[in-house]
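File shown: coords_26.txt (compact mmCIF, C-alpha atoms).
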# COMPACT_ATOMS: atom_id res chain seq x y z
CA MET P 1097 6.86 3.93 -7.63
CA SER P 1098 9.84 6.26 -7.72
CA THR P 1099 12.64 6.27 -5.16
CA SER P 1100 14.52 9.28 -3.87
CA GLY P 1101 16.61 10.10 -0.84
CA GLN P 1102 19.87 11.70 0.19
CA ASP P 1103 23.05 10.78 2.01
CA ALA P 1104 22.47 10.79 5.79
CA ALA P 1105 25.82 12.60 6.15
CA ALA P 1106 24.50 15.65 4.27
CA LEU P 1107 20.95 16.29 5.55
CA ALA P 1108 20.51 19.71 3.99
CA VAL P 1109 17.43 21.74 4.88
CA GLU P 1110 14.90 21.06 2.12
CA SER P 1111 11.91 23.12 3.24
CA ARG P 1112 9.67 23.84 6.23
CA LEU P 1113 7.19 21.28 7.50
CA PRO P 1114 3.92 22.67 6.06
CA GLY P 1115 1.64 21.16 8.68
CA PHE P 1116 -1.71 19.42 8.38
CA ASP P 1117 -4.29 22.22 8.36
CA GLY P 1118 -5.97 20.77 5.25
CA ALA P 1119 -6.79 17.44 6.88
CA THR P 1120 -10.52 16.63 6.87
CA GLY P 1121 -10.26 14.47 10.00
CA TRP P 1122 -7.94 12.49 12.27
CA LEU P 1123 -7.70 8.92 13.52
CA ASN P 1124 -5.79 7.80 16.64
CA SER P 1125 -5.34 11.43 17.72
CA ASP P 1126 -6.83 14.86 18.11
CA PRO P 1127 -5.75 17.23 15.30
CA LEU P 1128 -2.03 17.95 15.52
CA THR P 1129 -0.86 21.55 15.16
CA ALA P 1130 2.55 23.11 14.64
CA GLY P 1131 2.64 23.85 18.36
CA ASP P 1132 2.00 20.21 19.23
CA LEU P 1133 4.99 19.16 17.11
CA ARG P 1134 7.42 21.85 18.25
CA GLY P 1135 10.58 20.31 19.67
CA ARG P 1136 9.84 16.88 18.20
CA VAL P 1137 11.33 15.02 15.26
CA VAL P 1138 8.44 14.35 12.88
CA LEU P 1139 8.17 11.56 10.32
CA VAL P 1140 5.32 12.07 7.84
CA ASP P 1141 4.23 8.96 5.96
CA PHE P 1142 1.89 9.37 2.95
CA TRP P 1143 -0.19 6.26 2.27
CA THR P 1144 -3.37 4.88 0.84
CA LEU P 1145 -4.98 1.72 2.12
CA THR P 1146 -4.76 -0.46 -1.02
CA CYS P 1147 -1.17 0.39 -2.00
CA ILE P 1148 1.03 -2.72 -1.86
CA ASN P 1149 4.15 -0.55 -1.97
CA TRP P 1150 3.03 1.18 1.23
CA LEU P 1151 1.86 -2.03 2.88
CA ARG P 1152 5.37 -3.45 2.49
CA THR P 1153 6.81 -0.43 4.33
CA LEU P 1154 4.31 -0.45 7.20
CA GLY P 1155 6.21 -2.87 9.42
CA TYR P 1156 9.21 -0.55 9.47
CA VAL P 1157 7.23 2.64 10.07
CA ARG P 1158 5.28 0.93 12.84
CA ALA P 1159 8.52 -0.29 14.46
CA TRP P 1160 10.10 3.20 14.30
CA ALA P 1161 6.99 4.77 15.83
CA GLU P 1162 7.11 2.34 18.74
CA ARG P 1163 10.88 2.37 19.30
CA TYR P 1164 11.47 6.12 19.16
CA ARG P 1165 8.20 7.53 20.53
CA GLU P 1166 9.59 7.98 24.05
CA HIS P 1167 12.73 9.59 22.63
CA GLY P 1168 10.91 12.42 20.86
CA LEU P 1169 9.73 11.02 17.49
CA VAL P 1170 6.20 11.68 16.27
CA VAL P 1171 5.02 9.63 13.28
CA VAL P 1172 2.07 11.10 11.38
CA GLY P 1173 0.40 9.05 8.68
CA VAL P 1174 -1.33 11.04 5.95
CA HIS P 1175 -3.99 9.00 4.15
CA THR P 1176 -4.54 10.44 0.68
CA PRO P 1177 -6.86 8.24 -1.45
CA GLU P 1178 -6.01 6.89 -4.89
CA PHE P 1179 -9.41 5.30 -5.59
CA PRO P 1180 -12.79 6.91 -4.74
CA PHE P 1181 -13.75 4.37 -2.07
CA GLU P 1182 -10.50 5.12 -0.21
CA GLY P 1183 -11.91 8.58 0.49
CA ASP P 1184 -14.54 7.03 2.78
CA VAL P 1185 -13.23 7.58 6.30
CA GLU P 1186 -14.91 4.39 7.55
CA ASN P 1187 -12.84 2.36 5.09
CA VAL P 1188 -9.70 4.10 6.36
CA ARG P 1189 -10.74 3.52 9.97
CA ARG P 1190 -11.23 -0.18 9.26
CA ALA P 1191 -7.78 -0.38 7.64
CA VAL P 1192 -6.11 1.42 10.56
CA THR P 1193 -7.62 -1.13 12.94
CA SER P 1194 -7.02 -4.27 10.88
CA LEU P 1195 -3.45 -3.31 9.93
CA GLY P 1196 -2.48 -2.20 13.43
CA VAL P 1197 -1.51 1.37 12.58
CA PRO P 1198 -0.71 2.82 16.05
CA TYR P 1199 0.21 6.44 15.26
CA PRO P 1200 -1.90 9.52 14.39
CA VAL P 1201 -3.41 9.52 10.90
CA ALA P 1202 -4.49 12.70 9.11
CA ILE P 1203 -7.37 12.09 6.70
CA ASP P 1204 -6.49 13.91 3.48
CA SER P 1205 -9.48 13.07 1.28
CA GLU P 1206 -9.31 16.43 -0.53
CA TYR P 1207 -5.54 16.23 -1.23
CA ALA P 1208 -4.86 19.47 0.69
CA VAL P 1209 -1.98 18.03 2.74
CA TRP P 1210 -0.65 16.24 -0.36
CA ARG P 1211 -0.52 19.57 -2.22
CA ALA P 1212 1.03 21.40 0.76
CA PHE P 1213 3.93 18.93 0.65
CA ALA P 1214 4.02 19.00 -3.18
CA ASN P 1215 3.92 15.21 -2.91
CA HIS P 1216 3.40 12.84 -5.85
CA TYR P 1217 3.96 9.35 -4.42
CA TRP P 1218 2.56 6.52 -2.31
CA PRO P 1219 4.40 5.81 -0.09
CA ALA P 1220 6.43 8.92 0.67
CA VAL P 1221 8.36 9.69 3.85
CA TYR P 1222 9.40 13.18 4.97
CA ILE P 1223 11.44 13.65 8.16
CA ALA P 1224 11.61 17.03 9.91
CA ASP P 1225 13.92 18.11 12.73
CA VAL P 1226 12.93 19.68 16.06
CA GLU P 1227 12.88 23.12 14.44
CA GLY P 1228 10.29 22.03 11.88
CA ARG P 1229 12.70 21.83 8.94
CA ILE P 1230 12.37 18.93 6.49
CA ARG P 1231 15.83 17.36 6.34
CA PHE P 1232 15.17 14.10 4.46
CA HIS P 1233 12.69 12.45 2.14
CA HIS P 1234 12.28 9.07 0.48
CA PHE P 1235 9.77 7.99 -2.15
CA GLY P 1236 8.73 4.36 -2.57
CA GLU P 1237 9.96 1.25 -0.80
CA GLY P 1238 13.40 0.52 0.62
CA ALA P 1239 16.11 2.68 2.24
CA TYR P 1240 14.90 1.52 5.66
CA GLY P 1241 18.33 1.70 7.27
CA GLU P 1242 18.94 5.15 5.82
CA CYS P 1243 15.61 6.43 7.12
CA GLU P 1244 16.21 5.06 10.61
CA ARG P 1245 19.70 6.55 10.80
CA VAL P 1246 18.22 9.93 9.89
CA ILE P 1247 15.72 9.55 12.74
CA GLN P 1248 18.53 8.74 15.15
CA ARG P 1249 20.67 11.64 13.95
CA LEU P 1250 17.88 14.22 14.16
CA LEU P 1251 16.90 13.04 17.62
CA GLU P 1252 20.52 13.36 18.69
CA GLU P 1253 20.76 16.84 17.14
CA GLY P 1254 17.63 17.78 19.07
CA GLY P 1255 19.18 16.76 22.38
CA GLN P 1256 17.31 13.47 22.80
CA SER P 1257 18.93 10.32 24.20
CA ALA P 1258 17.78 8.02 21.43
CA PRO P 1259 19.19 4.55 20.68
CA THR P 1260 21.93 4.84 18.06
CA GLY P 1261 23.85 2.39 15.94
CA ASP P 1262 21.64 -0.69 15.95
CA LEU P 1263 18.53 -0.69 13.76
CA VAL P 1264 15.14 -2.34 14.14
CA SER P 1265 14.95 -5.92 12.92
CA ILE P 1266 11.59 -7.18 11.67
CA SER P 1267 10.37 -10.19 9.68
CA PRO P 1268 7.03 -9.07 8.23
CA GLY P 1269 4.63 -11.64 6.82
CA GLY P 1270 1.39 -11.60 4.87
CA VAL P 1271 0.91 -8.55 2.67
CA GLU P 1272 3.71 -6.75 4.56
CA ALA P 1273 6.38 -9.24 3.43
CA GLN P 1274 9.01 -7.69 1.18
CA ALA P 1275 8.70 -8.43 -2.52
CA ASP P 1276 10.78 -11.15 -4.15
CA TRP P 1277 12.52 -8.61 -6.37
CA ASN P 1278 14.76 -11.18 -8.08
CA ASN P 1279 11.74 -12.98 -9.52
CA LEU P 1280 9.32 -10.09 -9.97
CA GLU P 1281 8.67 -9.67 -13.69
CA SER P 1282 5.01 -8.59 -13.70
CA PRO P 1283 4.15 -4.89 -13.31
CA GLU P 1284 1.32 -3.15 -11.50
CA THR P 1285 -1.58 -3.44 -13.94
CA TYR P 1286 -4.72 -1.28 -13.77
CA LEU P 1287 -8.05 -2.66 -15.00
CA GLY P 1288 -9.83 0.60 -15.87
CA SER P 1289 -9.83 2.41 -19.20
CA GLU P 1290 -7.84 5.40 -17.86
CA GLN P 1291 -4.67 3.44 -17.08
CA GLY P 1292 -5.37 -0.08 -18.27
CA ARG P 1293 -3.01 -1.89 -20.63
CA ASN P 1294 -2.35 -5.35 -22.08
CA LEU P 1295 -6.01 -6.42 -22.26
CA ALA P 1296 -6.33 -9.51 -24.45
CA ASP P 1297 -9.39 -10.60 -26.41
CA SER P 1298 -9.48 -14.05 -24.81
CA SER P 1299 -8.01 -15.91 -21.87
CA ASP P 1300 -6.72 -18.63 -24.21
CA ALA P 1301 -2.92 -18.64 -24.58
CA LEU P 1302 -2.37 -15.34 -22.79
CA PRO P 1303 1.07 -13.74 -23.30
CA ARG P 1304 2.99 -12.86 -20.16
CA ASN P 1305 1.57 -9.79 -18.34
CA HIS P 1306 -1.65 -9.76 -20.36
CA TRP P 1307 -5.12 -10.19 -18.88
CA ALA P 1308 -8.58 -11.04 -20.13
CA LEU P 1309 -12.19 -10.77 -19.02
CA GLU P 1310 -14.71 -13.60 -19.45
CA GLY P 1311 -18.41 -12.88 -18.93
CA ASP P 1312 -20.41 -9.66 -18.92
CA TRP P 1313 -18.10 -6.82 -17.84
CA THR P 1314 -18.00 -3.05 -18.31
CA ILE P 1315 -14.59 -1.39 -18.35
CA GLU P 1316 -15.13 1.90 -16.55
CA PRO P 1317 -12.44 4.61 -16.18
CA ARG P 1318 -11.05 3.27 -12.87
CA ALA P 1319 -12.17 -0.37 -12.77
CA SER P 1320 -13.64 -3.35 -14.60
CA VAL P 1321 -17.17 -3.97 -13.29
CA LEU P 1322 -18.99 -7.31 -13.45
CA ASN P 1323 -22.61 -6.94 -14.64
CA ARG P 1324 -23.79 -10.54 -14.27
CA PRO P 1325 -22.78 -13.60 -12.20
CA ASP P 1326 -20.10 -16.04 -13.31
CA GLY P 1327 -17.55 -13.55 -14.55
CA ARG P 1328 -13.81 -14.29 -14.61
CA ILE P 1329 -10.51 -12.45 -14.88
CA ALA P 1330 -7.37 -14.20 -16.08
CA PHE P 1331 -3.76 -12.93 -15.89
CA ARG P 1332 -0.52 -14.50 -17.13
CA PHE P 1333 2.09 -13.51 -14.54
CA HIS P 1334 5.65 -14.09 -13.32
CA ALA P 1335 5.95 -13.31 -9.61
CA ARG P 1336 5.74 -14.83 -6.15
CA ASP P 1337 2.59 -12.94 -5.12
CA VAL P 1338 -0.62 -11.98 -6.88
CA ASN P 1339 -2.73 -9.24 -5.27
CA LEU P 1340 -5.95 -7.66 -6.53
CA VAL P 1341 -7.70 -4.51 -5.30
CA MET P 1342 -11.47 -5.13 -5.28
CA ARG P 1343 -14.73 -3.68 -4.07
CA SER P 1344 -18.32 -4.89 -4.06
CA ARG P 1345 -20.47 -2.17 -5.61
CA GLU P 1346 -23.50 -3.09 -3.50
CA GLY P 1347 -21.50 -3.58 -0.32
CA THR P 1348 -22.53 -7.23 -0.22
CA ARG P 1349 -20.34 -10.28 0.31
CA VAL P 1350 -19.32 -11.86 -2.98
CA PRO P 1351 -17.77 -15.35 -2.98
CA PHE P 1352 -14.92 -15.91 -5.41
CA HIS P 1353 -12.75 -18.79 -6.53
CA VAL P 1354 -9.08 -18.72 -7.54
CA LEU P 1355 -7.20 -21.10 -9.85
CA ILE P 1356 -3.58 -21.23 -10.90
CA ASP P 1357 -2.86 -23.03 -14.18
CA GLY P 1358 -6.42 -24.37 -13.97
CA GLN P 1359 -6.00 -25.95 -10.53
CA PRO P 1360 -6.74 -24.89 -6.93
CA PRO P 1361 -3.70 -23.09 -5.48
CA GLY P 1362 -3.06 -25.50 -2.60
CA PRO P 1363 0.06 -24.35 -0.72
CA ALA P 1364 0.45 -21.42 -3.17
CA ARG P 1365 -2.67 -19.79 -1.74
CA GLY P 1366 -2.54 -16.20 -0.52
CA VAL P 1367 -3.80 -15.10 2.88
CA ASP P 1368 -7.26 -14.29 1.53
CA VAL P 1369 -8.08 -17.71 0.04
CA ASP P 1370 -8.06 -21.29 1.28
CA SER P 1371 -6.13 -24.14 -0.32
CA GLU P 1372 -9.09 -24.87 -2.60
CA GLY P 1373 -9.00 -21.28 -3.83
CA ASN P 1374 -12.18 -20.11 -2.10
CA GLY P 1375 -12.46 -16.58 -0.75
CA VAL P 1376 -14.97 -13.82 -0.08
CA LEU P 1377 -14.95 -10.19 -1.19
CA ASP P 1378 -16.35 -8.59 1.96
CA GLU P 1379 -14.73 -5.13 2.14
CA PRO P 1380 -12.97 -2.76 -0.26
CA ARG P 1381 -9.23 -3.45 -0.03
CA LEU P 1382 -6.26 -5.30 -1.48
CA TYR P 1383 -6.63 -9.10 -1.49
CA GLN P 1384 -3.58 -11.36 -1.50
CA LEU P 1385 -4.60 -14.30 -3.65
CA ILE P 1386 -1.39 -16.19 -4.53
CA ARG P 1387 1.92 -16.63 -2.72
CA GLU P 1388 4.18 -19.11 -4.49
CA GLY P 1389 6.54 -21.15 -2.34
CA GLY P 1390 8.67 -22.84 -4.98
CA ASP P 1391 10.38 -21.88 -8.22
CA ILE P 1392 8.87 -18.85 -9.91
CA VAL P 1393 7.82 -19.43 -13.53
CA ASP P 1394 5.15 -18.04 -15.82
CA ARG P 1395 1.71 -19.10 -14.53
CA THR P 1396 -1.90 -18.29 -15.41
CA PHE P 1397 -4.05 -16.89 -12.60
CA GLU P 1398 -7.85 -16.91 -12.74
CA ILE P 1399 -10.47 -15.51 -10.40
CA GLY P 1400 -14.21 -16.14 -10.81
CA PHE P 1401 -17.12 -14.43 -9.05
CA ASP P 1402 -20.53 -15.83 -8.12
CA ALA P 1403 -22.39 -12.50 -8.10
CA PRO P 1404 -22.40 -9.22 -10.04
CA GLY P 1405 -21.30 -5.80 -8.83
CA VAL P 1406 -17.61 -6.62 -8.38
CA GLU P 1407 -15.25 -3.73 -9.13
CA ALA P 1408 -11.71 -4.89 -9.94
CA TYR P 1409 -9.19 -2.03 -9.86
CA VAL P 1410 -5.57 -3.14 -10.12
CA PHE P 1411 -3.33 -6.19 -9.99
CA THR P 1412 -0.09 -5.86 -8.03
CA PHE P 1413 2.66 -8.41 -7.61
CA GLY P 1414 5.43 -9.21 -5.18
Please express the file's structure as structure tokens.
Amino acid sequence: MSTSGQDAAALAVESRLPGFDGATGWLNSDPLTAGDLRGRVVLVDFWTLTCINWLRTLGYVRAWAERYREHGLVVVGVHTPEFPFEGDVENVRRAVTSLGVPYPVAIDSEYAVWRAFANHYWPAVYIADVEGRIRFHHFGEGAYGECERVIQRLLEEGGQSAPTGDLVSISPGGVEAQADWNNLESPETYLGSEQGRNLADSSDALPRNHWALEGDWTIEPRASVLNRPDGRIAFRFHARDVNLVMRSREGTRVPFHVLIDGQPPGPARGVDVDSEGNGVLDEPRLYQLIREGGDIVDRTFEIGFDAPGVEAYVFTFG
């Protein structure tokens, strides 16, 4: 993901807030119009439900929405899907509930709002003043203090008595925990033919950041799809966290088993497996499979599936 922002002391007018007329639906709110937002500071947050980069920003956006709502801030999430199943509004609704997203969410399954903002990133934040002028943007993770100071300044400019100076303090856990950037040496890796890279012929002696398929798989444009039971994916990684975006093609529950260097993960398990490495693919989303607690070194991750129809989209790390 790319990162961009600007000095909070400058805050030039970038453009007008284009609005959300292209949204195909709304969650947590009736449709919001320009009139509804007049006189309010508006933070627009582009996201998609499987994006680890967005998930790691959610705690901050949620905290800003709660802290500044009564002072005149409106947070609007815009859900624009990366993968086809993310365009299913029921999958988005489930994510909004399970992740505790409290603010209005515009469903942007046809990319109309995305195009109106000329946006290219997940996540992306745009902040508009009470006159509907975009005064700040940030792409990707980070810059949380800068974003919050912009909120405070624009509320103050708009005549609101918002808290100033101190910033929210959060300690997110699970998938929302900030990445261990000092030890993160494995990149986001797609498993479809359109964007896939570093596929090895065998899982034996994998080089770092290479992956392999064992069993009967088809590599489709967006995902690797398991055709028969007892398929495995292996990845040689260097990171604290291992996440995998998955979906069951038939919508059925598919048990899976995770190993790290050939052994059950034990205390290195992620939130979606037990200490023996057992988990269940039961809905289309990102699964956190490994969270290392000790020294970070090169390790080999494996995941095996008991049933066919698994679609594996992308590994992400933290």
With a distance cut-off of 12 Å and all atoms listed in the file, select the neighbouring residues of range 1207-1219 of chain P, excluding the residue or stretch itself and same-chain residues fewer than 3 positions from it, and output the selection as an MDAnalysis selection string.
chainID P and resid 1097:1100 1110:1121 1140:1154 1157 1172:1178 1183 1201:1204 1222:1223 1230 1233:1238
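Considering the residues P:Gln1256, P:Phe1331, P:Glu1227, P:Thr1129 and counting only C-alpha atoms, Leu1169 in chain P has its shortest atom-to-atom contact with P:Gln1256.
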Which one is closest to His1167 in chain P: P:Thr1412, P:Thr1260, P:Phe1179, P:Leu1280? Count all atoms listed in the file.
P:Thr1260
Restricting the calculation to only C-alpha atoms: of P:Ser1282, P:Ser1267, P:Asn1124, P:Ser1257, which residue gets closest to Val1197 in chain P?
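That would be P:Asn1124, the residue with the smallest distance to Val1197 in chain P.
With distances taken over all atoms listed in the file, P:Val1410 is the one residue among P:Arg1318, P:Glu1242, P:Thr1193, P:Val1410 lying closest to Thr1285 in chain P.
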Shortest contact to Gly1400 in chain P, candidates P:Leu1123, P:Leu1139, P:Cys1243, P:Val1354, atoms counted all atoms listed in the file, goes to P:Val1354
What is the CA of Ala1301 in chain P-CA of Val1369 in chain P distance in Å, reported with one decimal?
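We find that CA of Ala1301 in chain P and CA of Val1369 in chain P lie 25.2 Å from each other.
CA of Gly1375 in chain P to CA of Val1188 in chain P spans 22.0 Å [interatomic distance, one decimal].
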For Asn1278 in chain P, which residue among P:Ser1125, P:Gly1196, P:His1334, P:Pro1259 is the nearest when counting all atoms listed in the file?
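Under the stated criterion, the closest residue is P:His1334.
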Please report the interatomic distance between CA of Trp1313 in chain P and CA of Leu1287 in chain P in Å with one decimal.
11.2 Å
Test item: residues at most 10 Å from Phe1333 in chain P, only C-alpha atoms, excluding those fewer than 6 positions along its chain, as a VMD selection string
chain P and resid 1280 to 1283 1302 to 1307 1392 to 1397 1413
May I have the residues from that selection written out with C-alpha atoms, as a short mmCIF file (atom, residue, chain, number, x, y, z; two decimals), keeping the file's coordinate frame?
data_model
loop_
_atom_site.label_atom_id
_atom_site.label_comp_id
_atom_site.auth_asym_id
_atom_site.auth_seq_id
_atom_site.Cartn_x
_atom_site.Cartn_y
_atom_site.Cartn_z
CA LEU P 1280 9.32 -10.09 -9.97
CA GLU P 1281 8.67 -9.67 -13.69
CA SER P 1282 5.01 -8.59 -13.70
CA PRO P 1283 4.15 -4.89 -13.31
CA LEU P 1302 -2.37 -15.34 -22.79
CA PRO P 1303 1.07 -13.74 -23.30
CA ARG P 1304 2.99 -12.86 -20.16
CA ASN P 1305 1.57 -9.79 -18.34
CA HIS P 1306 -1.65 -9.76 -20.36
CA TRP P 1307 -5.12 -10.19 -18.88
CA ILE P 1392 8.87 -18.85 -9.91
CA VAL P 1393 7.82 -19.43 -13.53
CA ASP P 1394 5.15 -18.04 -15.82
CA ARG P 1395 1.71 -19.10 -14.53
CA THR P 1396 -1.90 -18.29 -15.41
CA PHE P 1397 -4.05 -16.89 -12.60
CA PHE P 1413 2.66 -8.41 -7.61
#
Compile the contact shell of Asp1276 in chain P as JSON, numbers by chain: residues with an atom at most 8 Å away, counting all atoms listed in the file, same-chain residues fewer than 3 positions apart removed.
{"P": [1279, 1280, 1335, 1336, 1414]}
Taking (-10.7, -1.6, -18.8) in the file's coordinates as the center, which residues reach within 7 Å of it, counting all atoms listed in the file, put as a PyMOL selection string?
chain P and resi 1287-1289+1292+1315-1317+1319-1320
May I have the residues within 6 Å of Ile1399 in chain P as a list in words, using only C-alpha atoms and disregarding those fewer than 6 positions away in the same chain?
Arg1328, Ile1329, His1353 and Val1354 of chain P
Give me the residues near Gly1255 in chain P as an mmCIF file with C-alpha atoms, in the coordinates of the input, where near means some atom within 12 Å (using only C-alpha atoms) and where sequence neighbours in that chain fewer than 4 positions away do not count.
data_model
loop_
_atom_site.group_PDB
_atom_site.id
_atom_site.type_symbol
_atom_site.label_atom_id
_atom_site.label_comp_id
_atom_site.auth_asym_id
_atom_site.auth_seq_id
_atom_site.Cartn_x
_atom_site.Cartn_y
_atom_site.Cartn_z
ATOM 1 C CA GLY P 1135 10.580 20.310 19.670
ATOM 2 C CA ARG P 1136 9.840 16.880 18.200
ATOM 3 C CA VAL P 1137 11.330 15.020 15.260
ATOM 4 C CA HIS P 1167 12.730 9.590 22.630
ATOM 5 C CA GLY P 1168 10.910 12.420 20.860
ATOM 6 C CA ASP P 1225 13.920 18.110 12.730
ATOM 7 C CA VAL P 1226 12.930 19.680 16.060
ATOM 8 C CA GLU P 1227 12.880 23.120 14.440
ATOM 9 C CA GLN P 1248 18.530 8.740 15.150
ATOM 10 C CA ARG P 1249 20.670 11.640 13.950
ATOM 11 C CA LEU P 1250 17.880 14.220 14.160
ATOM 12 C CA LEU P 1251 16.900 13.040 17.620
#
Quick one: axis-aligned box around all listed atoms of range 1384-1400 of chain P, 5 Å on every side, centre and edge lengths in Å to one decimal, written as lines of an AutoDock Vina configuration file.
center_x = -1.9
center_y = -17.1
center_z = -8.7
size_x = 34.6
size_y = 21.5
size_z = 24.3
